[in-house]
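Novice: Just dropping this structure here.
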Amino acid sequence: MRDALIGLGANLGDAATTLRRALEELDRIPHSALVRASNLYHSAPLDADGPDYCNAVALMRSALEPQTLLEALQRIEHAHGRLRPPGQRNAPRTLDLDLLWVDGVQLAGPELTLPHPRLHLRAFVLAPLADVAPHWRLADGESALHAAQRLCAQGQRVRRGPPLRVTD
């Protein structure tokens, strides 16, 4: 079993409810277990138009290989009506599940790069990540908590909301 960080986001429909349901579905992925989930966070779309996003991060443990875990995440997205229109990388979405990091794994492929290549640039990921793992370190050694604070000071705004789920 390896630790894995999953980013959750949605900005269409009842995004908060969608994230709560997706979290329950993450906990049902075979050979995997949800360990902890962040609070909800709200942020404006980055490099896109549309309604504000609800975001969260989940810490999981999984025996699945990263590609298999990614496929499970994509099945959950699809079940929630996720569409991937060609040429619209940052289009509004009903649900987005990103495999951000898997302990001990580095990949650079066409479908999956680990750690997530833009993780260090996104306060809407780092702020909830700091809820579940405040001392988790980016590749350069900066903590998730410090990186989130730095990005917010540079103008990326996130608003903390209620807990998604209390686990331990």
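Going through the structure tokens in order, the chains are called A, B, and so on, while each chain numbers its residues from 1 and the ligands are numbered from 1 in the order shown.
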Pick out the residues sitting within 12 Å of Pro134 of chain A, and hand them over as a list of chain:residue names; count only C-alpha atoms, and ignore anything fewer than 4 positions along from it in its own chain.

Specialist: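 Once the nearby chain positions are removed, what remains is A:Ser38, A:Val57, A:Leu59, A:Leu126, A:Ala127, A:Pro128, A:Leu129, A:Ala130, A:Leu138, A:Glu142, A:Ser143, A:Ala144, A:Leu145, A:His146, A:Ala147, A:Ala148, A:Gln149.
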
Novice: Restricting the output to C-alpha atoms, write the selected residues as a short mmCIF file (atom, residue, chain, number, x, y, z; two decimals), in the first residue's frame.

Specialist:
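Everything below was put into selection_8.cif:
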```cif
data_model
loop_
_atom_site.label_atom_id
_atom_site.label_comp_id
_atom_site.auth_asym_id
_atom_site.auth_seq_id
_atom_site.Cartn_x
_atom_site.Cartn_y
_atom_site.Cartn_z
CA SER A 38 -9.56 18.33 3.42
CA VAL A 57 -7.71 17.01 -1.57
CA LEU A 59 -5.20 11.30 1.09
CA LEU A 126 -1.97 23.35 -2.04
CA ALA A 127 -4.38 24.92 0.48
CA PRO A 128 -6.53 21.78 0.81
CA LEU A 129 -3.41 19.60 0.60
CA ALA A 130 -2.09 21.49 3.64
CA LEU A 138 7.22 19.77 -2.81
CA GLU A 142 8.93 23.74 0.46
CA SER A 143 6.02 22.55 2.63
CA ALA A 144 2.51 22.45 1.18
CA LEU A 145 1.39 24.91 3.84
CA HIS A 146 4.13 27.45 3.09
CA ALA A 147 3.62 27.11 -0.69
CA ALA A 148 -0.13 27.73 -0.32
CA GLN A 149 0.52 30.82 1.81
#
```

Novice: Choose the residue, out of A:Ala133, A:His78, A:Gly50, A:Arg61, that has the smallest atom-to-atom separation from Leu97 of chain A; count only C-alpha atoms.

Specialist: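 Selected residue with least distance to Leu97 of chain A: A:His78.
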
Novice: For the atom pair atom CA of Met1 of chain A and atom CA of Trp101 of chain A, what is the interatomic distance in Å to one decimal place?

Specialist: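 Rounded to one decimal, the two atoms are 13.8 Å apart.
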
Novice: So which one's closest to Val125 of chain A, A:Leu107, A:Ala33, A:Cys54, A:Val102? Using only C-alpha atoms, please.

Specialist: A:Cys54

Novice: Set the distance at 9 Å and use only C-alpha atoms: which residues neighbour Leu73 of chain A once local chain neighbours fewer than 5 positions away are removed? I'd like the list as a VMD selection string.

Specialist: chain A and resid 6 26 29 68 78 96 to 99

Novice: Keeping only C-alpha atoms, write the selected residues as a short mmCIF file (atom, residue, chain, number, x, y, z; two decimals), in the first residue's frame.

Specialist:
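Saved to out09.cif:
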```
data_model
loop_
_atom_site.label_atom_id
_atom_site.label_comp_id
_atom_site.auth_asym_id
_atom_site.auth_seq_id
_atom_site.Cartn_x
_atom_site.Cartn_y
_atom_site.Cartn_z
CA ILE A 6 -6.06 13.06 -5.10
CA LEU A 26 -12.99 7.11 -3.74
CA ILE A 29 -12.09 1.88 -5.01
CA THR A 68 -4.90 1.65 -12.61
CA HIS A 78 -17.39 9.74 -16.20
CA ASP A 96 -12.28 16.65 -11.95
CA LEU A 97 -10.16 14.07 -10.11
CA ASP A 98 -6.41 14.51 -10.43
CA LEU A 99 -3.85 12.01 -9.26
#
```

Novice: Any idea what's packed within 10 Å of Arg159 of chain A, counting only C-alpha atoms, ignoring anything in its chain fewer than 3 positions away? Could you give it as a compact mmCIF listing (two decimals) with N, CA and C atoms, in the first residue's frame?

Specialist:
```txt
# COMPACT_ATOMS: atom_id res chain seq x y z
N LEU A 40 -13.57 21.83 2.18
CA LEU A 40 -13.85 22.38 0.86
C LEU A 40 -13.15 23.73 0.74
N TYR A 41 -12.72 24.06 -0.45
CA TYR A 41 -12.16 25.38 -0.74
C TYR A 41 -12.86 25.90 -1.99
N HIS A 42 -12.96 27.21 -2.09
CA HIS A 42 -13.60 27.84 -3.24
C HIS A 42 -12.58 28.77 -3.89
N SER A 43 -12.54 28.73 -5.22
CA SER A 43 -11.60 29.58 -5.95
C SER A 43 -12.16 29.91 -7.32
N ALA A 44 -11.69 31.03 -7.84
CA ALA A 44 -12.06 31.41 -9.21
C ALA A 44 -11.32 30.48 -10.18
N CYS A 54 -15.29 24.48 -6.48
CA CYS A 54 -15.11 23.85 -5.18
C CYS A 54 -13.94 22.90 -5.36
N ASN A 55 -13.02 22.92 -4.42
CA ASN A 55 -11.84 22.06 -4.48
C ASN A 55 -11.62 21.37 -3.15
N PHE A 124 -5.20 26.53 -5.10
CA PHE A 124 -6.44 25.78 -4.91
C PHE A 124 -6.20 24.29 -4.68
N ALA A 127 -3.67 24.59 -0.75
CA ALA A 127 -4.38 24.92 0.48
C ALA A 127 -5.11 23.70 1.05
```

Novice: Name the residues in contact with His31 of chain A at a cut-off of 7 Å, using only C-alpha atoms, excluding same-chain residues fewer than 2 positions from it; report them as a VMD selection string.

Specialist: chain A and resid 29 62 to 64

Novice: Name the residues of segment 54-157 of chain A that fall into strand (DSSP E) according to DSSP on the backbone, using the chain letters and numbers of this document, as a list in words.

Specialist: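 Put together, the selection reads Cys54, Asn55, Ala56, Val57, Ala58, Leu59, Met60, Arg61, Ser62, Asp96, Leu97, Asp98, Leu99, Leu100, Trp101, Val102, Leu107, Ala108, Thr113 and Leu114 of chain A.
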
Novice: Report, in Å to a single decimal, how far apart atom CA of Ala108 of chain A and atom CA of Asp140 of chain A are.

Specialist: 17.8 Å

Novice: Report, in Å with one decimal, the straight-line distance from atom CA of Glu25 of chain A to atom CA of Gln106 of chain A.

Specialist: 25.6 Å

Novice: For Gly7 of chain A, which of A:Arg21, A:His80, A:His116, A:Arg75 is the closest residue, counting only C-alpha atoms?

Specialist: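 Among A:Arg21, A:His80, A:His116, A:Arg75, it is A:His116 that comes nearest to Gly7 of chain A.
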
Novice: Near Asn39 of chain A, within 9 Å and counting only C-alpha atoms, which residues show up once chain neighbours fewer than 2 positions away are dropped, as an MDAnalysis selection string?

Specialist: chainID A and resid 37 41 55:57 128 131:132 160:165

Novice: Go ahead and write the residues just picked, C-alpha atoms, as a PDB file, in the first residue's frame.

Specialist:
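This went into part30.pdb:
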```
ATOM      1  CA  ALA A  37     -10.017  14.577   3.299  1.00  0.00           C
ATOM      2  CA  TYR A  41     -12.160  25.378  -0.741  1.00  0.00           C
ATOM      3  CA  ASN A  55     -11.838  22.056  -4.483  1.00  0.00           C
ATOM      4  CA  ALA A  56     -10.532  19.508  -2.003  1.00  0.00           C
ATOM      5  CA  VAL A  57      -7.709  17.013  -1.574  1.00  0.00           C
ATOM      6  CA  PRO A 128      -6.534  21.777   0.814  1.00  0.00           C
ATOM      7  CA  ASP A 131      -5.264  20.426   5.522  1.00  0.00           C
ATOM      8  CA  VAL A 132      -4.486  16.735   5.054  1.00  0.00           C
ATOM      9  CA  ARG A 160     -11.886  27.816   3.065  1.00  0.00           C
ATOM     10  CA  GLY A 161     -15.262  26.162   3.484  1.00  0.00           C
ATOM     11  CA  PRO A 162     -16.653  23.351   5.632  1.00  0.00           C
ATOM     12  CA  PRO A 163     -15.102  19.908   6.078  1.00  0.00           C
ATOM     13  CA  LEU A 164     -15.943  17.339   3.439  1.00  0.00           C
ATOM     14  CA  ARG A 165     -15.735  14.450   5.874  1.00  0.00           C
TER      15      ARG A 165
END
```

Novice: List every residue of chain A that DSSP, applied to the backbone, labels as alpha helix (DSSP H), and write the result as a ChimeraX atom specification.

Specialist: /A:15-26,66-79,123-132,144-153

Novice: Hey, which of A:Asp49, A:Asp27, A:Glu71, A:Glu77 ends up closest to Leu8 of chain A? Count only C-alpha atoms.

Specialist: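 Using only C-alpha atoms, Leu8 of chain A sits closest to A:Glu77.
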
Novice: Of the candidates A:Val158, A:Met60, A:Ala15, A:Asp103, which shows the shortest atom-to-atom distance to Trp136 of chain A, using only C-alpha atoms?

Specialist: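 Among A:Val158, A:Met60, A:Ala15, A:Asp103, it is A:Asp103 that comes nearest to Trp136 of chain A.
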